[in-house]
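**Q** One structure, pasted below without further comment.
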Amino acid sequence: MSFREKSFREKSAWITLITLVLLLAFYLTHLPPPWWLRAETGGFLFHVLTLGMIAFVVIELIAHGIVVLRAPRDARAPRDEREHLIALKARSIAGRVYAILSLGSVLLVIHLGANDGGILYCLFLSFVVSQIVNYAARVVYYGRGA
């Protein structure tokens, strides 16, 4: 099945997945370890985070705008039962991943001597990874037709 034949919500999941992976790559390339564990909440890392979030929103708006313009009827269609089930299954997996990663990252950074800023960035990283899992699961479920 080509990208044109996919549903709007499957395209949306792909767009968000790719954008989140790009955001994660941007974020990780700008975190020079290990000093970021003791980073102040303001300053360079905050600006990297802010720039990444702005880029995420801009990419999402442009990409979704293009998809909506190409198939406006499909974008306006209400979710069917299958799409609700896919979203529920994916969120369930992502929630578990977030709980494990956030607890693990807090324990890890406390043992590594991180300050509040380091813990904040690790929790943010846990959230981004869990959302990548969320949208990757959606893509897989849409591909299977589950």
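Just remember, in the structure tokens the first chain shown is A, the second B, etc., residues are 1-based per chain, and ligands are 1-based in the order shown.
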Distance table requested - segment 61-143 of chain A against segment 9-27 of chain A, cut-off 12 Å, only C-alpha atoms: one row per qualifying residue with the closest atom pair and its distance in Å to one decimal, ordered by chain and rising residue number, as JSON lines.
**A**
{"residue": "A:Leu61", "atom": "CA", "partner": "A:Ile15", "partner_atom": "CA", "distance": 10.1}
{"residue": "A:Ile62", "atom": "CA", "partner": "A:Ile15", "partner_atom": "CA", "distance": 10.2}
{"residue": "A:Ala63", "atom": "CA", "partner": "A:Ile15", "partner_atom": "CA", "distance": 6.9}
{"residue": "A:His64", "atom": "CA", "partner": "A:Ser12", "partner_atom": "CA", "distance": 6.8}
{"residue": "A:Gly65", "atom": "CA", "partner": "A:Ser12", "partner_atom": "CA", "distance": 10.4}
{"residue": "A:Ile66", "atom": "CA", "partner": "A:Ser12", "partner_atom": "CA", "distance": 10.8}
{"residue": "A:Val67", "atom": "CA", "partner": "A:Lys11", "partner_atom": "CA", "distance": 7.7}
{"residue": "A:Val68", "atom": "CA", "partner": "A:Ser12", "partner_atom": "CA", "distance": 9.7}
{"residue": "A:Arg70", "atom": "CA", "partner": "A:Lys11", "partner_atom": "CA", "distance": 11.6}
{"residue": "A:Ala71", "atom": "CA", "partner": "A:Lys11", "partner_atom": "CA", "distance": 11.0}
{"residue": "A:Asp74", "atom": "CA", "partner": "A:Arg9", "partner_atom": "CA", "distance": 8.8}
{"residue": "A:Ala75", "atom": "CA", "partner": "A:Arg9", "partner_atom": "CA", "distance": 7.7}
{"residue": "A:Arg76", "atom": "CA", "partner": "A:Arg9", "partner_atom": "CA", "distance": 10.5}
{"residue": "A:Ala77", "atom": "CA", "partner": "A:Arg9", "partner_atom": "CA", "distance": 9.9}
{"residue": "A:Pro78", "atom": "CA", "partner": "A:Arg9", "partner_atom": "CA", "distance": 10.3}
{"residue": "A:Arg79", "atom": "CA", "partner": "A:Arg9", "partner_atom": "CA", "distance": 8.6}
{"residue": "A:Asp80", "atom": "CA", "partner": "A:Arg9", "partner_atom": "CA", "distance": 10.6}
{"residue": "A:Arg82", "atom": "CA", "partner": "A:Arg9", "partner_atom": "CA", "distance": 11.2}
{"residue": "A:Glu83", "atom": "CA", "partner": "A:Arg9", "partner_atom": "CA", "distance": 7.9}
{"residue": "A:His84", "atom": "CA", "partner": "A:Arg9", "partner_atom": "CA", "distance": 10.6}
{"residue": "A:Ile86", "atom": "CA", "partner": "A:Glu10", "partner_atom": "CA", "distance": 10.2}
{"residue": "A:Ala87", "atom": "CA", "partner": "A:Ala13", "partner_atom": "CA", "distance": 9.9}
{"residue": "A:Ala90", "atom": "CA", "partner": "A:Ala13", "partner_atom": "CA", "distance": 10.9}
{"residue": "A:Tyr121", "atom": "CA", "partner": "A:Tyr27", "partner_atom": "CA", "distance": 10.0}
{"residue": "A:Cys122", "atom": "CA", "partner": "A:Tyr27", "partner_atom": "CA", "distance": 11.3}
{"residue": "A:Phe124", "atom": "CA", "partner": "A:Leu24", "partner_atom": "CA", "distance": 10.3}
{"residue": "A:Leu125", "atom": "CA", "partner": "A:Leu24", "partner_atom": "CA", "distance": 7.8}
{"residue": "A:Ser126", "atom": "CA", "partner": "A:Leu24", "partner_atom": "CA", "distance": 10.5}
{"residue": "A:Phe127", "atom": "CA", "partner": "A:Leu24", "partner_atom": "CA", "distance": 10.6}
{"residue": "A:Val128", "atom": "CA", "partner": "A:Leu20", "partner_atom": "CA", "distance": 7.1}
{"residue": "A:Val129", "atom": "CA", "partner": "A:Leu24", "partner_atom": "CA", "distance": 7.9}
{"residue": "A:Ser130", "atom": "CA", "partner": "A:Leu20", "partner_atom": "CA", "distance": 10.3}
{"residue": "A:Gln131", "atom": "CA", "partner": "A:Leu20", "partner_atom": "CA", "distance": 7.7}
{"residue": "A:Ile132", "atom": "CA", "partner": "A:Leu17", "partner_atom": "CA", "distance": 5.8}
{"residue": "A:Val133", "atom": "CA", "partner": "A:Leu17", "partner_atom": "CA", "distance": 8.5}
{"residue": "A:Asn134", "atom": "CA", "partner": "A:Leu17", "partner_atom": "CA", "distance": 8.5}
{"residue": "A:Tyr135", "atom": "CA", "partner": "A:Leu17", "partner_atom": "CA", "distance": 5.4}
{"residue": "A:Ala136", "atom": "CA", "partner": "A:Leu17", "partner_atom": "CA", "distance": 6.4}
{"residue": "A:Ala137", "atom": "CA", "partner": "A:Ala13", "partner_atom": "CA", "distance": 9.3}
{"residue": "A:Arg138", "atom": "CA", "partner": "A:Ala13", "partner_atom": "CA", "distance": 6.6}
{"residue": "A:Val139", "atom": "CA", "partner": "A:Ala13", "partner_atom": "CA", "distance": 6.3}
{"residue": "A:Val140", "atom": "CA", "partner": "A:Glu10", "partner_atom": "CA", "distance": 9.7}
{"residue": "A:Tyr141", "atom": "CA", "partner": "A:Glu10", "partner_atom": "CA", "distance": 9.4}
{"residue": "A:Tyr142", "atom": "CA", "partner": "A:Glu10", "partner_atom": "CA", "distance": 6.4}
{"residue": "A:Gly143", "atom": "CA", "partner": "A:Glu10", "partner_atom": "CA", "distance": 8.6}
**Q** Filtering to C-alpha atoms, could you give me those residues as a PDB file, in the first residue's frame?
**A**
ATOM      1  CA  LEU A  61       1.483  22.026  11.238  1.00  0.00           C
ATOM      2  CA  ILE A  62       3.006  22.096   7.776  1.00  0.00           C
ATOM      3  CA  ALA A  63       2.927  18.320   7.247  1.00  0.00           C
ATOM      4  CA  HIS A  64      -0.621  17.911   8.538  1.00  0.00           C
ATOM      5  CA  GLY A  65      -1.736  20.923   6.517  1.00  0.00           C
ATOM      6  CA  ILE A  66      -0.421  19.293   3.348  1.00  0.00           C
ATOM      7  CA  VAL A  67      -2.166  16.001   4.163  1.00  0.00           C
ATOM      8  CA  VAL A  68      -5.442  17.788   4.948  1.00  0.00           C
ATOM      9  CA  ARG A  70      -4.748  16.598  -0.311  1.00  0.00           C
ATOM     10  CA  ALA A  71      -7.686  14.723   1.264  1.00  0.00           C
ATOM     11  CA  ASP A  74     -10.761  11.927   4.855  1.00  0.00           C
ATOM     12  CA  ALA A  75      -9.401  14.385   7.424  1.00  0.00           C
ATOM     13  CA  ARG A  76     -12.903  15.416   8.500  1.00  0.00           C
ATOM     14  CA  ALA A  77     -14.210  11.856   8.786  1.00  0.00           C
ATOM     15  CA  PRO A  78     -14.990  10.762  12.339  1.00  0.00           C
ATOM     16  CA  ARG A  79     -12.895   8.034  13.900  1.00  0.00           C
ATOM     17  CA  ASP A  80     -14.259   4.565  13.480  1.00  0.00           C
ATOM     18  CA  ARG A  82     -10.929   0.340  14.664  1.00  0.00           C
ATOM     19  CA  GLU A  83      -9.117   3.674  14.948  1.00  0.00           C
ATOM     20  CA  HIS A  84     -10.278   4.088  18.557  1.00  0.00           C
ATOM     21  CA  ILE A  86      -5.641   1.279  17.707  1.00  0.00           C
ATOM     22  CA  ALA A  87      -5.208   4.529  19.658  1.00  0.00           C
ATOM     23  CA  ALA A  90      -0.912   2.255  21.469  1.00  0.00           C
ATOM     24  CA  TYR A 121      15.643  16.627  31.094  1.00  0.00           C
ATOM     25  CA  CYS A 122      15.651  12.867  31.727  1.00  0.00           C
ATOM     26  CA  PHE A 124      11.356  14.902  29.199  1.00  0.00           C
ATOM     27  CA  LEU A 125      13.442  12.346  27.330  1.00  0.00           C
ATOM     28  CA  SER A 126      11.318   9.547  28.846  1.00  0.00           C
ATOM     29  CA  PHE A 127       8.169  11.295  27.632  1.00  0.00           C
ATOM     30  CA  VAL A 128       9.503  11.741  24.085  1.00  0.00           C
ATOM     31  CA  VAL A 129      10.579   8.083  23.891  1.00  0.00           C
ATOM     32  CA  SER A 130       7.172   6.937  25.157  1.00  0.00           C
ATOM     33  CA  GLN A 131       5.452   9.037  22.485  1.00  0.00           C
ATOM     34  CA  ILE A 132       7.707   7.526  19.836  1.00  0.00           C
ATOM     35  CA  VAL A 133       6.579   4.106  21.092  1.00  0.00           C
ATOM     36  CA  ASN A 134       2.958   5.322  20.993  1.00  0.00           C
ATOM     37  CA  TYR A 135       3.094   6.391  17.354  1.00  0.00           C
ATOM     38  CA  ALA A 136       5.263   3.454  16.283  1.00  0.00           C
ATOM     39  CA  ALA A 137       2.654   1.119  17.781  1.00  0.00           C
ATOM     40  CA  ARG A 138      -0.093   2.971  15.901  1.00  0.00           C
ATOM     41  CA  VAL A 139       1.799   2.593  12.640  1.00  0.00           C
ATOM     42  CA  VAL A 140       2.261  -1.125  13.284  1.00  0.00           C
ATOM     43  CA  TYR A 141      -1.402  -1.621  14.195  1.00  0.00           C
ATOM     44  CA  TYR A 142      -2.569   0.300  11.131  1.00  0.00           C
ATOM     45  CA  GLY A 143      -0.267  -1.828   8.980  1.00  0.00           C
TER      46      GLY A 143
END
**Q** Could you please write out, as a ChimeraX atom specification, every residue of segment 1-145 of chain A that DSSP assigns to alpha helix (DSSP H)?
**A** /A:8-29,44-70,72-76,81-111,116-144
**Q** When you draw a straight line from atom CA of Phe46 of chain A to atom CA of Leu112 of chain A, how long is it in Å?
**A**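 One can read the atom CA of Phe46 of chain A to atom CA of Leu112 of chain A distance as 20.9 Å.
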**Q** Check which residues of segment 55-101 of chain A sit at most 12 Å from segment 105-108 of chain A using only C-alpha atoms, and return one row each with the closest pair of atoms and their distance in Å to one decimal, ordered by chain and rising number, as CSV.
**A**
residue,atom,partner,partner_atom,distance
A:Val97,CA,A:Ser105,CA,11.8
A:Tyr98,CA,A:Ser105,CA,10.1
A:Ala99,CA,A:Ser105,CA,9.9
A:Ile100,CA,A:Ser105,CA,8.4
A:Leu101,CA,A:Ser105,CA,5.8
**Q** Can you write just those residues out, N, CA and C atoms, as a PDB file, in the first residue's frame?
**A**
ATOM      1  N   VAL A  97       5.551   2.205  29.003  1.00  0.00           N
ATOM      2  CA  VAL A  97       6.930   2.585  28.682  1.00  0.00           C
ATOM      3  C   VAL A  97       7.304   3.853  29.431  1.00  0.00           C
ATOM      4  N   TYR A  98       6.418   4.832  29.472  1.00  0.00           N
ATOM      5  CA  TYR A  98       6.708   6.079  30.182  1.00  0.00           C
ATOM      6  C   TYR A  98       6.904   5.834  31.673  1.00  0.00           C
ATOM      7  N   ALA A  99       6.049   5.016  32.270  1.00  0.00           N
ATOM      8  CA  ALA A  99       6.184   4.736  33.700  1.00  0.00           C
ATOM      9  C   ALA A  99       7.529   4.085  34.004  1.00  0.00           C
ATOM     10  N   ILE A 100       7.909   3.115  33.208  1.00  0.00           N
ATOM     11  CA  ILE A 100       9.181   2.423  33.431  1.00  0.00           C
ATOM     12  C   ILE A 100      10.360   3.360  33.200  1.00  0.00           C
ATOM     13  N   LEU A 101      10.338   4.094  32.090  1.00  0.00           N
ATOM     14  CA  LEU A 101      11.459   4.986  31.786  1.00  0.00           C
ATOM     15  C   LEU A 101      11.581   6.137  32.778  1.00  0.00           C
TER      16      LEU A 101
END
**Q** Using only C-alpha atoms, pick whichever of A:Leu85, A:Leu45, A:Ala94, A:Leu28 has the shortest atom-to-atom distance to Gly118 of chain A.
**A**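 For Gly118 of chain A, the nearest of the candidates is A:Leu45.
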**Q** Measuring atom to atom with only C-alpha atoms, identify which of A:Gly104, A:Gly95, A:Gly117, A:Gly145 is nearest to Phe44 of chain A.
**A**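 Closest to Phe44 of chain A of all the choices is A:Gly117.
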